[in-house]
Amino acid sequence: MKVTTAQEMREIDRITIEEYGVPGLVLMERAGLAVAARVKELFPGNSVLVLCGGGNNGGDGLVAARNLFNSGFKVRAVLLAPKESFSPDCAAQYATAKKWGVPVEFRKSLSEKDLHGAVIIDAVFGAGLGRPVQGEIARLFSFINGTDTAVLAVDIPSGISSDTGEALGEALEADYTVTFGLPKRGHFLYPGAAYTGKLFVEDIGFHINLLSSDALKVALLNRESMSGLLPSRRKNSYKGDYGHVLVVAGSQGKTGAALLTAEACLRAGAGLVTLGTPASLMAIVQARVTEAMSLPLPDTGKGVLLPEALDDILAFSGKCDVIAIGPGIGVAEGIEMLMTGLVLKSPVPLVIDADGLNALCSALGTGQRIRETLRNARSPLILTPHPGEMARLLSDTGQGIREIERDRIGVAVSFAKDTATYLVLKGVPTVVASPEGAVFINTSGNPGMATGGSGDVLTGIIAALLGQELEPIHAAALGVYVHGLAGDIAAGRLGMLSLIASDLIAALPETFR
């Protein structure tokens with residue numbers, strides 16, 4: 001399913017009205033009826049208080065009020081905008097509601113008595129809001145948020161930016177949101193996702209070509225879309241058909257990262273996995289690994305790779321299909337030289353995570369030099385930074401963690417295009433972007449996955465899928481969704497509090513099945 005900005009949705013509305021000939025009042029009628037239907041399903045017998053602004057969102061609310069009133073609900077519509085500010089369609093719905101006898105009043109405050117036994121329909125601002133909510137309306141929203149009154153938002157909770165998920169001043173906290181045609185980015189980006197509650201996406205008659213247009217670059221990662229990407233297996237196949245992944249990981253005190261990546265890679269279907277670690281740590285690794293092969297790499301004798309390891313990795317690259325590098329390798333001068341050389345010389349795709357990214361940043365200094373090096377990579381790159389690592393990759397732009405979190409989609413798209421890389425910007429939600437501008441928002445995962453080693457598991461899953469001949473963007477997208485779904489399955493068994501990274505690996509068979 002595609003995800004829109006406010007402007008993209010306005011364009012869908014415009015084309016539907018002007019080119020397909022569906023009047024705006026018809027769309028508004030369908031939207032309001034969809035809201036009313038959800039209220040009837042969720043809150044049978046409740047009284048209903050409909051808060052309406054003066055725009056088309058308010059018009060949707062007035063349609064819902066009229067329908068619920070006609071169905072026997074006790075309904076009041078409270079208009080928070082003066083009549084002279086109404087949009088034409090909202091004014092038409094206001095006139096109709098009055099004729100039907102719907103109780104309508106103009107005010108900007110409520111009391112506890114007003115809310116007693118009622119459910120609120122939030123039809124104040126909708127997706128087009130571009131200014132902070134202040135003054136009397138902000139105080140009203142704050143008052144409602146301080147009560148236990150159930151709220152159902154129309155399109156998007158009032159006060160939430162539909163493009164970034166930011167709270168623009170004070171925003172209403174909804175228990176449910178009913179949106180139309182397609183969801184908005186702000187439904188999934190925080191804090192908007194927390195304000196949205198349970199989301200319903202209703203069909204109100206937009207043409208399918210508009211809803212699936214290639215012009216809409218952002219889509220959701222969900223079970224339906226990801227199932228079609230699962231690699232299939234022929235009956236007459238063997239291990240070499242499913243990719244050979246070289247995992248370069250681990251250092252003194254961080255062998256666990258290497259083991260997690262390799263084990264996740266195997267569980268995600270890789271035909272062969274070779275684990276390349278510092279030679280001085282090989283005894284520790286071999287004591288734990290059974291299905292993976294091993295490649296001892298030149299090190300300092302203290303579990304830290306030397307620059308000479310690059311030659312060994314490049315020599316081995318003729319035997320493998322993918323190299324996953326970074327988990328637990330540490331940051332040192334030799335590793336910095338290794339990472340830079342590998343990006344420029346590797347003949348096979350790379351999945352770079354954690355210390356691999358940190359070493360590149362340390363070696364190249366400025367964000368500009370980092371991006372230039374990435375642009376000159378010999379083979380496709382999938383990068384998996386968390387916001388702190390992303391800030392280091394953008395060190396010359398002034399974009400810190402706060403700015404990145406404020407615009408996760410914009411940052412991911414811009415970086416992927418600029419560097420010709422496939423970017424997995426980890427976080428809540430994780431965003432996947434391609435050099436061509438395609439973007440995916442993940443819908444799986446839970447807070448229990450905020451535990452050491454979870455990212456190492458993700459690296460292994462993505463590398464395994466890439467080795468099974470998925471396109472880089474598909475390997476990254478499917479890997480992210482599978483990783484989150486494994487976390488959800490594991491949390492269902494064990495709870496979130498006790499979740500550890502190896503639980504994700506244990507849940508992978510059920511996840512794929």
# chains A, B, ... in the order shown; residues from 1 in each chain; ligands from 1
>>> select_by_dssp(residues="segment 58-251 of chain A", states="strand (DSSP E or B)", output="PyMOL selection string")
chain A and resi 75-79+104-106+118-123+133+151-154+160+167+169+176-180+184+198-202+218-221+244-248
>>> select_by_dssp(residues="segment 20-258 of chain A", states="helix (DSSP H, G or I)", output="PyMOL selection string")
chain A and resi 24-42+56-70+83-85+88-100+112-115+126-128+135-145+185-187+192-196+208-211+223-227+239-242+255-258
>>> write_last_selection(atoms="C-alpha atoms", output="PDB file, in the first residue's frame")
ATOM      1  CA  GLY A  24     -16.159  16.896  -4.107  1.00  0.00           C
ATOM      2  CA  LEU A  25     -19.420  16.737  -2.167  1.00  0.00           C
ATOM      3  CA  VAL A  26     -19.791  13.086  -3.194  1.00  0.00           C
ATOM      4  CA  LEU A  27     -16.315  12.278  -1.844  1.00  0.00           C
ATOM      5  CA  MET A  28     -17.148  14.171   1.343  1.00  0.00           C
ATOM      6  CA  GLU A  29     -20.405  12.266   1.709  1.00  0.00           C
ATOM      7  CA  ARG A  30     -18.618   8.931   1.352  1.00  0.00           C
ATOM      8  CA  ALA A  31     -15.921   9.960   3.823  1.00  0.00           C
ATOM      9  CA  GLY A  32     -18.455  11.030   6.429  1.00  0.00           C
ATOM     10  CA  LEU A  33     -20.450   7.835   5.982  1.00  0.00           C
ATOM     11  CA  ALA A  34     -17.271   5.775   6.458  1.00  0.00           C
ATOM     12  CA  VAL A  35     -16.589   7.606   9.726  1.00  0.00           C
ATOM     13  CA  ALA A  36     -20.156   7.082  10.892  1.00  0.00           C
ATOM     14  CA  ALA A  37     -19.974   3.375  10.079  1.00  0.00           C
ATOM     15  CA  ARG A  38     -16.874   2.980  12.265  1.00  0.00           C
ATOM     16  CA  VAL A  39     -18.518   4.848  15.135  1.00  0.00           C
ATOM     17  CA  LYS A  40     -21.545   2.554  14.914  1.00  0.00           C
ATOM     18  CA  GLU A  41     -19.235  -0.486  14.979  1.00  0.00           C
ATOM     19  CA  LEU A  42     -16.971   0.702  17.784  1.00  0.00           C
ATOM     20  CA  ASN A  56     -13.317  19.973   4.344  1.00  0.00           C
ATOM     21  CA  ASN A  57     -12.344  17.889   7.374  1.00  0.00           C
ATOM     22  CA  GLY A  58     -15.122  19.668   9.249  1.00  0.00           C
ATOM     23  CA  GLY A  59     -17.450  18.882   6.349  1.00  0.00           C
ATOM     24  CA  ASP A  60     -16.636  15.178   6.721  1.00  0.00           C
ATOM     25  CA  GLY A  61     -17.500  15.474  10.408  1.00  0.00           C
ATOM     26  CA  LEU A  62     -20.845  17.145   9.673  1.00  0.00           C
ATOM     27  CA  VAL A  63     -21.776  14.310   7.295  1.00  0.00           C
ATOM     28  CA  ALA A  64     -20.925  11.783  10.034  1.00  0.00           C
ATOM     29  CA  ALA A  65     -22.958  13.796  12.553  1.00  0.00           C
ATOM     30  CA  ARG A  66     -25.986  13.869  10.243  1.00  0.00           C
ATOM     31  CA  ASN A  67     -25.817  10.125   9.543  1.00  0.00           C
ATOM     32  CA  LEU A  68     -25.403   9.188  13.205  1.00  0.00           C
ATOM     33  CA  PHE A  69     -28.228  11.550  14.179  1.00  0.00           C
ATOM     34  CA  ASN A  70     -30.451   9.928  11.566  1.00  0.00           C
ATOM     35  CA  LYS A  83     -19.300  30.433   9.651  1.00  0.00           C
ATOM     36  CA  GLU A  84     -17.684  32.947   7.286  1.00  0.00           C
ATOM     37  CA  SER A  85     -14.448  30.882   7.224  1.00  0.00           C
ATOM     38  CA  PRO A  88     -17.759  25.844   0.163  1.00  0.00           C
ATOM     39  CA  ASP A  89     -18.301  22.116   0.744  1.00  0.00           C
ATOM     40  CA  CYS A  90     -18.210  22.511   4.531  1.00  0.00           C
ATOM     41  CA  ALA A  91     -20.756  25.340   4.271  1.00  0.00           C
ATOM     42  CA  ALA A  92     -23.021  23.098   2.180  1.00  0.00           C
ATOM     43  CA  GLN A  93     -22.811  20.287   4.740  1.00  0.00           C
ATOM     44  CA  TYR A  94     -23.475  22.740   7.569  1.00  0.00           C
ATOM     45  CA  ALA A  95     -26.660  23.909   5.829  1.00  0.00           C
ATOM     46  CA  THR A  96     -27.779  20.316   5.271  1.00  0.00           C
ATOM     47  CA  ALA A  97     -27.101  19.330   8.889  1.00  0.00           C
ATOM     48  CA  LYS A  98     -29.191  22.270  10.100  1.00  0.00           C
ATOM     49  CA  LYS A  99     -32.077  21.256   7.834  1.00  0.00           C
ATOM     50  CA  TRP A 100     -31.942  17.717   9.211  1.00  0.00           C
ATOM     51  CA  GLU A 112     -16.532  17.635  31.940  1.00  0.00           C
ATOM     52  CA  LYS A 113     -20.309  17.576  31.631  1.00  0.00           C
ATOM     53  CA  ASP A 114     -20.056  17.887  27.830  1.00  0.00           C
ATOM     54  CA  LEU A 115     -17.832  14.804  27.671  1.00  0.00           C
ATOM     55  CA  GLY A 126      -7.239  16.979   9.019  1.00  0.00           C
ATOM     56  CA  ALA A 127      -4.244  16.478   6.749  1.00  0.00           C
ATOM     57  CA  GLY A 128      -3.801  20.017   5.480  1.00  0.00           C
ATOM     58  CA  GLY A 135      -4.712  29.597  21.797  1.00  0.00           C
ATOM     59  CA  GLU A 136      -8.210  28.400  22.652  1.00  0.00           C
ATOM     60  CA  ILE A 137      -8.064  25.351  20.364  1.00  0.00           C
ATOM     61  CA  ALA A 138      -4.792  24.221  21.941  1.00  0.00           C
ATOM     62  CA  ARG A 139      -6.316  24.558  25.392  1.00  0.00           C
ATOM     63  CA  LEU A 140      -9.332  22.553  24.241  1.00  0.00           C
ATOM     64  CA  PHE A 141      -7.118  19.763  22.898  1.00  0.00           C
ATOM     65  CA  SER A 142      -5.100  19.714  26.122  1.00  0.00           C
ATOM     66  CA  PHE A 143      -8.292  19.477  28.154  1.00  0.00           C
ATOM     67  CA  ILE A 144      -9.586  16.546  26.102  1.00  0.00           C
ATOM     68  CA  ASN A 145      -6.224  14.746  26.280  1.00  0.00           C
ATOM     69  CA  ARG A 185       3.144   9.463   6.347  1.00  0.00           C
ATOM     70  CA  GLY A 186       2.236  11.028   9.677  1.00  0.00           C
ATOM     71  CA  HIS A 187       0.228   7.944  10.619  1.00  0.00           C
ATOM     72  CA  GLY A 192       2.139  10.974  14.947  1.00  0.00           C
ATOM     73  CA  ALA A 193       1.993   7.180  15.072  1.00  0.00           C
ATOM     74  CA  ALA A 194       1.399   7.317  18.833  1.00  0.00           C
ATOM     75  CA  TYR A 195      -1.441   9.841  18.376  1.00  0.00           C
ATOM     76  CA  THR A 196      -3.135   7.857  15.587  1.00  0.00           C
ATOM     77  CA  ILE A 208      -7.189   2.437  -8.399  1.00  0.00           C
ATOM     78  CA  ASN A 209      -4.713   3.951 -10.865  1.00  0.00           C
ATOM     79  CA  LEU A 210      -4.392   6.998  -8.620  1.00  0.00           C
ATOM     80  CA  LEU A 211      -3.863   4.895  -5.496  1.00  0.00           C
ATOM     81  CA  ARG A 223       2.775  -8.971   5.182  1.00  0.00           C
ATOM     82  CA  GLU A 224       0.847  -8.700   1.933  1.00  0.00           C
ATOM     83  CA  SER A 225       3.527  -6.831  -0.001  1.00  0.00           C
ATOM     84  CA  MET A 226       6.481  -8.756   1.417  1.00  0.00           C
ATOM     85  CA  SER A 227       5.132 -12.302   0.960  1.00  0.00           C
ATOM     86  CA  LYS A 239      23.390 -25.119  -1.609  1.00  0.00           C
ATOM     87  CA  GLY A 240      25.287 -23.150  -4.245  1.00  0.00           C
ATOM     88  CA  ASP A 241      21.987 -21.893  -5.661  1.00  0.00           C
ATOM     89  CA  TYR A 242      21.200 -19.918  -2.513  1.00  0.00           C
ATOM     90  CA  THR A 255      32.710 -12.204  19.007  1.00  0.00           C
ATOM     91  CA  GLY A 256      29.011 -12.434  19.847  1.00  0.00           C
ATOM     92  CA  ALA A 257      28.202  -9.924  17.102  1.00  0.00           C
ATOM     93  CA  ALA A 258      29.964 -12.119  14.551  1.00  0.00           C
TER      94      ALA A 258
END
>>> residues_around(residues="segment 427-429 of chain A", least_positions_apart="3", cutoff="10 Å", atoms="only C-alpha atoms", output="number ranges by chain")
A: 188-191, 193, 385-387, 405, 408-409, 424, 432, 440-447, 450
>>> write_last_selection(atoms="C-alpha atoms", output="CSV table (one decimal), in the first residue's frame")
chain,number,residue,atom,x,y,z
A,188,PHE,CA,3.5,6.0,10.9
A,189,LEU,CA,6.1,8.5,11.8
A,190,TYR,CA,6.5,9.4,15.4
A,191,PRO,CA,5.1,11.1,17.4
A,193,ALA,CA,2.0,7.2,15.1
A,385,PRO,CA,22.8,3.0,10.1
A,386,HIS,CA,20.9,3.9,13.3
A,387,PRO,CA,20.3,7.7,13.7
A,405,GLU,CA,14.3,11.9,13.4
A,408,ARG,CA,13.4,10.2,8.5
A,409,ILE,CA,12.0,9.8,5.0
A,424,VAL,CA,18.2,1.1,5.9
A,432,VAL,CA,14.3,1.8,3.5
A,440,PHE,CA,9.4,1.9,2.3
A,441,ILE,CA,8.1,2.4,5.9
A,442,ASN,CA,8.3,-0.7,8.1
A,443,THR,CA,5.2,-1.8,10.0
A,444,SER,CA,6.7,-4.8,12.0
A,445,GLY,CA,8.7,-4.8,15.2
A,446,ASN,CA,8.3,-3.8,18.8
A,447,PRO,CA,10.2,-2.1,21.7
A,450,ALA,CA,15.8,-2.5,21.5
>>> closest_residue(among="A:Asn222, A:Ser414, A:Ser362, A:Ser379", to="Leu478 of chain A", atoms="only C-alpha atoms")
A:Asn222
>>> atom_distance(atom1="atom CA of Leu310 of chain A", atom2="atom CA of Gln468 of chain A")
24.6 Å
>>> residues_around(residues="Gly45 of chain A", least_positions_apart="6", cutoff="10 Å", atoms="only C-alpha atoms", output="list in words")
Val39, Gly72, Phe73, Lys74, Gly117 and Ala118 of chain A
>>> write_last_selection(atoms="N, CA and C atoms", output="tab-separated table (two decimals), in the first residue's frame")
chain	number	residue	atom	x	y	z
A	39	VAL	N	-17.99	4.48	13.82
A	39	VAL	CA	-18.52	4.85	15.13
A	39	VAL	C	-19.62	3.87	15.55
A	72	GLY	N	-30.27	7.46	15.07
A	72	GLY	CA	-30.75	7.39	16.44
A	72	GLY	C	-29.73	7.70	17.51
A	73	PHE	N	-28.50	8.05	17.14
A	73	PHE	CA	-27.49	8.42	18.13
A	73	PHE	C	-27.80	9.81	18.69
A	74	LYS	N	-27.44	10.02	19.93
A	74	LYS	CA	-27.49	11.35	20.52
A	74	LYS	C	-26.25	12.10	20.06
A	117	GLY	N	-20.00	10.37	29.07
A	117	GLY	CA	-20.64	9.31	28.29
A	117	GLY	C	-20.51	9.46	26.79
A	118	ALA	N	-19.70	10.42	26.33
A	118	ALA	CA	-19.62	10.70	24.89
A	118	ALA	C	-18.34	10.16	24.28
>>> closest_residue(among="A:Gly165, A:Gly479, A:Pro231, A:Gly437", to="Lys417 of chain A", atoms="only C-alpha atoms")
A:Gly437
>>> closest_residue(among="A:Gln252, A:Ser158, A:Gln7, A:Ser232", to="Gly53 of chain A", atoms="only C-alpha atoms")
A:Ser158
>>> closest_atom_pairs(of="segment 140-215 of chain A", to="segment 1-5 of chain A", cutoff="8 Å", atoms="only C-alpha atoms", output="tab-separated table")
residue	atom	partner	partner_atom	distance
A:Ser162	CA	A:Thr5	CA	6.4
A:Asp163	CA	A:Thr5	CA	5.1
A:Leu182	CA	A:Val3	CA	6.1
A:Pro183	CA	A:Val3	CA	5.3
A:Lys184	CA	A:Thr4	CA	4.8
A:Arg185	CA	A:Val3	CA	5.9
A:Leu211	CA	A:Lys2	CA	7.0
A:Ser212	CA	A:Lys2	CA	6.7
>>> closest_residue(among="A:Val348, A:Ile489, A:Leu51, A:Ile284", to="Pro509 of chain A", atoms="only C-alpha atoms")
A:Ile489
>>> closest_residue(among="A:Cys52, A:Ala292, A:Ala270, A:Ala150", to="Val124 of chain A", atoms="only C-alpha atoms")
A:Cys52
